[in-house]
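Undergrad: My structure is in structure16.txt, and what it holds is compact mmCIF, C-alpha atoms and all ligand atoms:
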# COMPACT_ATOMS: atom_id res chain seq x y z
CA MET A 1 180.32 272.02 80.32
CA THR A 2 176.81 272.73 79.13
CA PHE A 3 175.66 272.07 75.58
CA ALA A 4 173.11 274.32 73.94
CA PHE A 5 171.16 271.20 73.01
CA PRO A 6 171.69 267.48 73.63
CA ALA A 7 174.89 266.16 71.99
CA ALA A 8 174.42 263.37 69.47
CA PRO A 9 175.06 259.98 71.09
CA ALA A 10 178.46 258.45 70.33
CA ALA A 11 178.47 255.80 67.61
CA ALA A 12 179.34 252.46 69.21
CA VAL A 13 180.02 248.91 68.04
CA PRO A 14 179.47 245.70 70.07
CA ILE A 15 182.57 243.73 71.05
CA SER A 16 182.34 239.93 70.87
CA GLY A 17 182.56 238.40 74.33
CA SER A 18 182.20 241.72 76.15
CA ALA A 19 179.38 243.76 77.60
CA ALA A 20 181.35 246.93 76.82
CA LEU A 21 180.92 248.80 73.53
CA PHE A 22 183.62 250.15 71.21
CA PRO A 23 183.15 253.94 70.94
CA VAL A 24 183.78 255.08 67.37
CA HIS A 25 186.09 258.08 66.94
CA ARG A 26 186.69 258.23 63.17
CA VAL A 27 186.11 256.01 60.14
CA TYR A 28 188.97 255.85 57.64
CA CYS A 29 188.69 253.97 54.35
CA VAL A 30 191.24 252.73 51.82
CA GLY A 31 190.41 252.98 48.13
CA ARG A 32 191.74 250.61 45.44
CA ASN A 33 193.55 248.16 47.72
CA TYR A 34 192.92 244.95 45.74
CA ALA A 35 194.34 244.62 42.21
CA GLU A 36 191.28 242.95 40.68
CA HIS A 37 189.02 245.73 42.03
CA VAL A 38 191.40 248.39 40.67
CA LYS A 39 190.97 246.76 37.24
CA GLU A 40 187.17 246.48 37.41
CA MET A 41 186.98 250.20 38.25
CA GLY A 42 189.04 251.03 35.16
CA GLY A 43 192.28 251.74 36.98
CA GLU A 44 195.78 250.43 36.37
CA VAL A 45 197.62 248.52 39.10
CA GLY A 46 200.87 250.28 39.92
CA ARG A 47 199.81 253.56 38.32
CA ASP A 48 196.89 254.06 40.74
CA PRO A 49 198.15 253.29 44.26
CA PRO A 50 195.72 253.01 47.22
CA PHE A 51 194.59 256.21 48.93
CA PHE A 52 192.33 257.32 51.77
CA PHE A 53 188.90 258.81 52.26
CA THR A 54 186.68 259.02 55.33
CA LYS A 55 183.12 258.53 56.51
CA PRO A 56 181.47 260.18 59.53
CA ALA A 57 181.59 258.15 62.76
CA ASP A 58 177.81 257.85 62.87
CA ALA A 59 177.77 256.16 59.44
CA ALA A 60 179.04 253.08 61.33
CA VAL A 61 175.86 251.17 62.13
CA THR A 62 175.35 247.65 63.42
CA ALA A 63 171.59 247.23 63.13
CA GLY A 64 171.82 244.74 60.24
CA ARG A 65 169.65 246.92 58.02
CA PHE A 66 170.67 249.39 55.34
CA PRO A 67 168.10 252.04 54.41
CA TYR A 68 168.44 252.60 50.65
CA PRO A 69 169.71 256.19 50.42
CA PRO A 70 168.08 259.03 48.50
CA MET A 71 169.74 260.75 45.50
CA SER A 72 171.06 257.56 43.88
CA GLN A 73 169.88 254.81 41.55
CA ASP A 74 173.09 252.77 41.73
CA VAL A 75 174.16 251.87 45.27
CA HIS A 76 176.94 249.27 45.46
CA HIS A 77 178.23 246.87 48.13
CA GLU A 78 181.96 246.69 48.93
CA VAL A 79 182.79 244.02 51.52
CA GLU A 80 185.85 244.97 53.58
CA LEU A 81 187.94 243.89 56.54
CA VAL A 82 187.54 246.54 59.23
CA VAL A 83 190.43 247.11 61.65
CA ALA A 84 189.53 248.68 65.01
CA LEU A 85 192.19 250.64 66.90
CA GLY A 86 192.44 250.76 70.69
CA PRO A 87 194.63 252.66 73.17
CA GLY A 88 197.96 253.69 71.70
CA ALA A 89 196.44 253.20 68.24
CA ALA A 90 197.26 249.51 68.61
CA ILE A 91 195.11 246.92 66.90
CA PHE A 92 192.07 246.24 69.11
CA GLY A 93 190.20 243.86 66.85
CA HIS A 94 188.54 243.18 63.51
CA ALA A 95 185.04 243.30 62.08
CA ILE A 96 183.29 242.63 58.80
CA GLY A 97 182.12 245.85 57.15
CA ILE A 98 180.47 246.95 53.92
CA ASP A 99 181.56 250.25 52.36
CA MET A 100 178.23 251.19 50.76
CA THR A 101 178.75 253.48 47.79
CA ARG A 102 176.52 255.64 45.60
CA ARG A 103 178.36 254.55 42.45
CA ASP A 104 176.53 256.95 40.16
CA LEU A 105 177.49 259.95 42.29
CA GLN A 106 181.05 258.65 42.61
CA ALA A 107 181.38 258.34 38.82
CA ALA A 108 180.07 261.89 38.38
CA ALA A 109 182.48 263.19 41.05
CA LYS A 110 185.44 261.46 39.40
CA LYS A 111 184.54 262.96 36.04
CA LEU A 112 184.31 266.48 37.50
CA GLN A 113 187.33 265.97 39.81
CA ARG A 114 185.14 266.68 42.83
CA PRO A 115 185.23 265.12 46.33
CA TRP A 116 183.52 261.81 47.06
CA ASP A 117 181.58 262.74 50.21
CA THR A 118 178.08 262.40 48.75
CA ALA A 119 179.09 259.06 47.19
CA LYS A 120 180.79 257.56 50.23
CA ALA A 121 179.99 259.45 53.45
CA PHE A 122 176.19 259.32 53.53
CA ASP A 123 173.97 258.16 56.41
CA PHE A 124 174.15 254.43 57.20
CA SER A 125 176.98 254.01 54.64
CA ALA A 126 179.24 251.87 56.86
CA PRO A 127 177.27 248.85 58.13
CA LEU A 128 179.47 246.51 60.15
CA GLY A 129 179.36 243.59 62.54
CA PRO A 130 180.69 243.15 66.07
CA ILE A 131 184.41 243.60 66.74
CA LEU A 132 186.31 240.40 67.45
CA PRO A 133 189.25 241.32 69.70
CA ALA A 134 192.76 240.61 68.34
CA THR A 135 196.25 241.87 68.95
CA GLN A 136 197.67 241.11 65.51
CA ALA A 137 196.38 242.05 62.08
CA LEU A 138 194.67 239.48 59.89
CA THR A 139 196.85 238.98 56.83
CA ALA A 140 195.13 236.12 54.97
CA GLY A 141 191.77 234.41 54.71
CA ALA A 142 188.73 234.36 52.45
CA ILE A 143 186.59 237.50 52.14
CA ALA A 144 183.27 237.22 50.32
CA LEU A 145 179.84 238.75 49.82
CA ASP A 146 176.62 237.18 48.53
CA VAL A 147 173.39 238.94 47.61
CA ASN A 148 170.22 236.86 48.04
CA GLY A 149 172.39 233.73 48.13
CA SER A 150 174.21 234.50 44.86
CA SER A 151 177.97 234.96 44.91
CA ARG A 152 179.08 238.53 44.16
CA GLN A 153 182.50 239.14 45.71
CA ARG A 154 185.24 236.60 46.31
CA GLY A 155 188.78 237.40 47.40
CA ASP A 156 191.47 236.81 49.98
CA LEU A 157 192.91 239.24 52.51
CA SER A 158 196.40 238.26 51.27
CA GLU A 159 195.58 240.06 47.99
CA MET A 160 195.66 243.51 49.62
CA ILE A 161 198.10 245.90 47.91
CA TRP A 162 198.75 247.67 51.24
CA ARG A 163 198.71 245.21 54.17
CA VAL A 164 197.07 246.27 57.43
CA ASP A 165 200.37 247.29 59.07
CA GLU A 166 201.26 249.35 56.00
CA ILE A 167 197.82 251.02 56.01
CA ILE A 168 198.21 251.99 59.67
CA ALA A 169 201.76 253.31 59.11
CA GLU A 170 200.64 255.34 56.08
CA LEU A 171 197.52 256.75 57.81
CA ASP A 172 199.69 257.72 60.78
CA ARG A 173 201.66 260.06 58.50
CA TYR A 174 198.53 262.08 57.74
CA PHE A 175 196.33 261.85 60.84
CA ALA A 176 196.60 261.50 64.63
CA LEU A 177 195.28 257.95 65.01
CA ARG A 178 193.35 257.33 68.20
CA ALA A 179 191.52 254.68 70.16
CA GLY A 180 188.11 254.31 68.58
CA ASP A 181 189.25 254.66 64.99
CA LEU A 182 187.90 252.18 62.44
CA ILE A 183 189.72 251.47 59.18
CA PHE A 184 187.90 249.95 56.19
CA THR A 185 190.78 248.29 54.34
CA GLY A 186 189.45 248.11 50.78
CA THR A 187 187.32 245.70 48.76
CA PRO A 188 188.04 242.77 46.45
CA SER A 189 186.46 242.63 42.98
CA GLY A 190 182.83 241.86 42.25
CA VAL A 191 181.23 245.05 43.57
CA GLY A 192 177.70 245.60 42.31
CA PRO A 193 174.29 247.14 42.93
CA VAL A 194 171.70 246.32 45.56
CA SER A 195 167.96 247.02 45.67
CA ARG A 196 165.40 247.32 48.43
CA GLY A 197 164.51 243.85 49.67
CA ASP A 198 167.98 242.40 49.02
CA ARG A 199 169.88 240.53 51.71
CA MET A 200 173.66 240.97 51.78
CA GLU A 201 175.72 238.27 53.50
CA ALA A 202 179.35 239.20 54.04
CA ARG A 203 181.93 236.72 55.31
CA ILE A 204 185.56 236.87 56.40
CA ALA A 205 187.39 233.75 57.54
CA GLY A 206 187.56 233.76 61.34
CA LEU A 207 185.04 236.58 61.75
CA GLY A 208 181.82 234.80 60.83
CA THR A 209 179.01 236.30 58.76
CA LEU A 210 177.47 239.77 58.67
CA THR A 211 173.89 239.88 57.37
CA VAL A 212 172.50 243.24 56.24
CA ASP A 213 169.03 243.73 54.75
CA VAL A 214 168.47 246.57 52.29
CA VAL A 215 165.26 248.32 53.32
MN MN B 301 185.71 250.57 49.61
Re-express the file's structure as structure tokens.

TA:
Amino acid sequence: MTFAFPAAPAAAVPISGSAALFPVHRVYCVGRNYAEHVKEMGGEVGRDPPFFFTKPADAAVTAGRFPYPPMSQDVHHEVELVVALGPGAAIFGHAIGIDMTRRDLQAAAKKLQRPWDTAKAFDFSAPLGPILPATQALTAGAIALDVNGSSRQRGDLSEMIWRVDEIIAELDRYFALRAGDLIFTGTPSGVGPVSRGDRMEARIAGLGTLTVDVV
């Protein structure tokens, strides 16, 4: 096969303890998967169940820097457990990720009942750390995010409304899951804005710390 011009390189994520990279196929995200975050966004637990949206594969970046995007004055952090799928759509491992969000554009889209792509699926919108291999889903453990050393988000993976196995089963009803898929599993409460020069430090028990500088 010959391409008319060079194909974009595949997005890839380092794997802890391996020289091989994880090639990203798709990035799925779960919205409103922690009760306290549902409440802070003005939703009602029970009435507003979790749901899915997506980001492009090349939004998944591991450089540890987040270029502040154009067309927004209110870009928020959302720390999330990321589940990586391997062959057979089995769990391959976990990573720490941040679902960066243009909150102002999201609010406008909600009001006009329009899609969220410009709010969620922009360039560099899915910074994440290396994948730590695992065969079973993480179901509990602290998840947190600090900005410039100040606590912003604090939660526990056990607070998810849909657990990881439920998320995978539900996604599988809508999409053909494949090796290389990443799933951002939703954020606990405490989301808030970042500015250029800020340092985000995201932590999940057992996965270490992800440091991302806003540039
Ligand atoms: Mn999110």

Undergrad: Around ligand MN 301 (chain B), out to 6 Å and counting only C-alpha atoms and all ligand atoms, which residues are there? I want them as a ChimeraX atom specification.

TA: /A:31,78,99,186-187

Undergrad: Find the distance between atom CA of A:Phe3 and atom CA of A:Leu182 and write it in Å to one decimal.

TA: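 Interatomic distance, atom CA of A:Phe3 to atom CA of A:Leu182: 26.8 Å.
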
Undergrad: For A:Pro127, list every protein, DNA or RNA residue within 9 Å, evaluated using all atoms listed in the file, and leave out those in the same chain fewer than 2 positions away; present the list as an MDAnalysis selection string.

TA: chainID A and resid 59:66 96:100 124:125 129 212

Undergrad: Please measure the separation of atom CA of A:Pro87 and atom CA of A:Lys55, giving the value in Å to one decimal.

TA: 21.1 Å

Undergrad: Just how far from atom CA of A:Trp162 is atom CA of A:Phe51, in Å to one decimal?

TA: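 So the answer is 9.8 Å.
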
Undergrad: Excluding A:Thr139 and its own-chain neighbours fewer than 5 positions away, which residues fall within 10 Å of it when counting all atoms listed in the file? Please give them as JSON, numbers by chain.

TA: {"A": [156, 157, 158, 159, 160, 163, 164, 165]}

Undergrad: Residues within 7 Å of A:Ala10, please, as a PDB file with C-alpha atoms, in the coordinates of the input. Count all atoms listed in the file; anything in the same chain fewer than 2 positions from it doesn't count.

TA:
ATOM      1  CA  ALA A   8     174.420 263.370  69.470  1.00  0.00           C
ATOM      2  CA  ALA A  12     179.340 252.460  69.210  1.00  0.00           C
ATOM      3  CA  PRO A  23     183.150 253.940  70.940  1.00  0.00           C
ATOM      4  CA  VAL A  24     183.780 255.080  67.370  1.00  0.00           C
TER       5      VAL A  24
END

Undergrad: Please provide the set of residues having any atom within 10 Å of A:Lys120, restricted to all atoms listed in the file, with same-chain residues fewer than 4 positions apart removed, written as a compact mmCIF listing (two decimals) with C-alpha atoms, keeping the file's coordinate frame.

TA:
# COMPACT_ATOMS: atom_id res chain seq x y z
CA CYS A 29 188.69 253.97 54.35
CA PHE A 53 188.90 258.81 52.26
CA THR A 54 186.68 259.02 55.33
CA LYS A 55 183.12 258.53 56.51
CA PRO A 56 181.47 260.18 59.53
CA ALA A 59 177.77 256.16 59.44
CA ASP A 99 181.56 250.25 52.36
CA MET A 100 178.23 251.19 50.76
CA THR A 101 178.75 253.48 47.79
CA ARG A 102 176.52 255.64 45.60
CA ARG A 103 178.36 254.55 42.45
CA LEU A 105 177.49 259.95 42.29
CA GLN A 106 181.05 258.65 42.61
CA PRO A 115 185.23 265.12 46.33
CA TRP A 116 183.52 261.81 47.06
CA SER A 125 176.98 254.01 54.64
CA ALA A 126 179.24 251.87 56.86

Undergrad: For each of A:Asp213, A:Glu170, A:Glu40, A:Asp181, take the minimum atom-to-atom distance to A:Val83, counting only C-alpha atoms, then give the residue where this is smallest.

TA: A:Asp181

Undergrad: Pick out the closest residue to A:Arg173 from this set: A:Asp146, A:Ala109, A:Phe5, A:Phe52. Count all atoms listed in the file.

TA: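 Ranked by minimum distance to A:Arg173, first place goes to A:Phe52.
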
Undergrad: Which residue out of A:Tyr174, A:Pro130, A:Pro193, A:Leu210 has the minimum interatomic distance to A:Ala19 when all atoms listed in the file are used?

TA: A:Pro130

Undergrad: So, with all atoms listed in the file as the atoms that count, which of A:Ala137, A:Leu21, A:Met41, A:Leu171 lies closest to A:Ala90?

TA: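 For A:Ala90, the nearest of the candidates is A:Ala137.
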
Undergrad: Tell me which residues come within 9 Å of (188.7, 238.1, 48.8), as a ChimeraX atom specification, counting all atoms listed in the file in the file's coordinates.

TA: /A:34,79-80,141-145,153-160,187-189,204

Undergrad: Kindly export the residues of the current selection with C-alpha atoms, as a PDB file, keeping the file's coordinate frame.

TA:
ATOM      1  CA  TYR A  34     192.920 244.950  45.740  1.00  0.00           C
ATOM      2  CA  VAL A  79     182.790 244.020  51.520  1.00  0.00           C
ATOM      3  CA  GLU A  80     185.850 244.970  53.580  1.00  0.00           C
ATOM      4  CA  GLY A 141     191.770 234.410  54.710  1.00  0.00           C
ATOM      5  CA  ALA A 142     188.730 234.360  52.450  1.00  0.00           C
ATOM      6  CA  ILE A 143     186.590 237.500  52.140  1.00  0.00           C
ATOM      7  CA  ALA A 144     183.270 237.220  50.320  1.00  0.00           C
ATOM      8  CA  LEU A 145     179.840 238.750  49.820  1.00  0.00           C
ATOM      9  CA  GLN A 153     182.500 239.140  45.710  1.00  0.00           C
ATOM     10  CA  ARG A 154     185.240 236.600  46.310  1.00  0.00           C
ATOM     11  CA  GLY A 155     188.780 237.400  47.400  1.00  0.00           C
ATOM     12  CA  ASP A 156     191.470 236.810  49.980  1.00  0.00           C
ATOM     13  CA  LEU A 157     192.910 239.240  52.510  1.00  0.00           C
ATOM     14  CA  SER A 158     196.400 238.260  51.270  1.00  0.00           C
ATOM     15  CA  GLU A 159     195.580 240.060  47.990  1.00  0.00           C
ATOM     16  CA  MET A 160     195.660 243.510  49.620  1.00  0.00           C
ATOM     17  CA  THR A 187     187.320 245.700  48.760  1.00  0.00           C
ATOM     18  CA  PRO A 188     188.040 242.770  46.450  1.00  0.00           C
ATOM     19  CA  SER A 189     186.460 242.630  42.980  1.00  0.00           C
ATOM     20  CA  ILE A 204     185.560 236.870  56.400  1.00  0.00           C
TER      21      ILE A 204
END

Undergrad: Pull the neighbourhood of (166.0, 255.0, 50.0) for me: all residues within 12 Å in file coordinates, counting all atoms listed in the file, as number ranges by chain.

TA: A: 65-75, 102, 122-125, 194-197, 214-215

Undergrad: Which residue gives the smallest distance to A:Ile168 among A:Pro50, A:Glu201, A:Ala89, A:Gly192, with all atoms listed in the file counted?

TA: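 The shortest atom-to-atom distance to A:Ile168 comes from A:Ala89.
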
Undergrad: For each of A:Leu128, A:Val45, A:Ala108, A:Val147, take the minimum atom-to-atom distance to A:Val27, counting only C-alpha atoms, then give the residue where this is smallest.

TA: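 Under the stated criterion, the closest residue is A:Leu128.
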